[in-house]
Amino acid sequence: MADPPIRVLIVDDHPIVRQGLRTYLSSRAGLEVVGEVSDGQQAVAEAARLEPDVVLLDLVMPRGGGVDAIRRLRAAGERPRVVVLTSFAGDDQVVEAVRAGAAAYLLKDVPPSELEAAIRLVHEGGVRVDPTVVGSLMAEVARAGPPPGLDELTARERQVLALLAQGRSNRDLAAALYVSEKTIKTHVSSILAKLRLTDRTQAALFAVRHGLADHDPDPAAGR
């Protein structure tokens with residue numbers, strides 16, 4: 001039995017952008033565009049009504065900007081996952097969007113196939129950040145310094161953290177470490193709590209910053 005399609009809500013104040021995104025995404029197998037709106041305020045309301053899996057969101061819009069919309073969407077629970085698709089690569093926008101809870105941050109010059117891949121990845125629990133804006137996030141992590149709790153991580157949690165830094169989904173992590181997805185979710189929750197981080201994106205950046213993602217973990221270790 002085929003998996004249900006990934007339900008996507010498009011949020012952008014330019015009609016031609018929304019139309020282009022809808023046309024492309026609707027043509028891809030396993031994706032379903034369930035709605036489109038033009039501002040952050042509508043995004044929150046329609047997300048509550050339509051229950052999308054992924055919200056594809058611009059940052060600078062009238063009547064409620066993207067960062068505020070991300071905060072409100074994330075405050076409602078784990079769903080939906082938010083993919084930022086914007087023209088803005090400034091440090092402030094990138095850092096604030098990730099702090100608010102965005103699972104992916106992409107620029108509008110991204111190839112359509114990479115946008116599709118990012119939507120599928122974040123739906124599976126992964127993270128994706130455009131390479132051109134990674135520097136801004138890394139600088140922010142460096143300024144903040146290492147959070148407490150790194151020494152509290154178990155060997156298995158360090159493995160999971162290393163794989164998170166590669167943008168892997170829960171399904172990929174479970175397969176790599178020969179455990180269930182439920183076990184992976186438990187490890188991720190423990191990692192975030194110990195490191196006092198709020199989401200997987202912050203955890204992935206932390207792992208890169210502190211050299212925890214420099215090698216592929218041995219699945220036999222930490223058992």
# chains A, B, ... in the order shown; residues from 1 in each chain; ligands from 1

call {"tool": "residues_around", "arguments": {"residues": "Ala104 in chain A", "least_positions_apart": "5", "cutoff": "9 Å", "atoms": "only C-alpha atoms", "output": "PyMOL selection string"}}
result
chain A and resi 81-85+98+118-119+122+126-130+201

call {"tool": "write_last_selection", "arguments": {"atoms": "C-alpha atoms", "output": "mmCIF file, in the first residue's frame"}}
result
data_model
loop_
_atom_site.group_PDB
_atom_site.id
_atom_site.type_symbol
_atom_site.label_atom_id
_atom_site.label_comp_id
_atom_site.auth_asym_id
_atom_site.auth_seq_id
_atom_site.Cartn_x
_atom_site.Cartn_y
_atom_site.Cartn_z
ATOM 1 C CA ARG A 81 7.309 21.078 9.350
ATOM 2 C CA VAL A 82 8.360 24.443 7.905
ATOM 3 C CA VAL A 83 10.505 24.942 4.809
ATOM 4 C CA VAL A 84 11.596 28.558 4.323
ATOM 5 C CA LEU A 85 11.862 29.524 0.650
ATOM 6 C CA VAL A 98 16.044 28.767 12.478
ATOM 7 C CA ALA A 118 14.015 19.183 0.854
ATOM 8 C CA ILE A 119 10.255 18.851 1.292
ATOM 9 C CA VAL A 122 11.911 17.503 6.337
ATOM 10 C CA GLY A 126 15.522 15.735 8.432
ATOM 11 C CA VAL A 127 16.893 19.264 8.099
ATOM 12 C CA ARG A 128 18.255 21.212 5.128
ATOM 13 C CA VAL A 129 20.062 24.561 5.007
ATOM 14 C CA ASP A 130 21.238 26.234 1.807
ATOM 15 C CA THR A 201 18.377 22.078 13.000
#

call {"tool": "closest_residue", "arguments": {"among": "A:Glu124, A:Asp199, A:His187, A:Lys182", "to": "Ala155 in chain A", "atoms": "only C-alpha atoms"}}
result
A:His187

call {"tool": "atom_distance", "arguments": {"atom1": "CA of Arg79 in chain A", "atom2": "CA of Glu51 in chain A"}}
result
7.9 Å
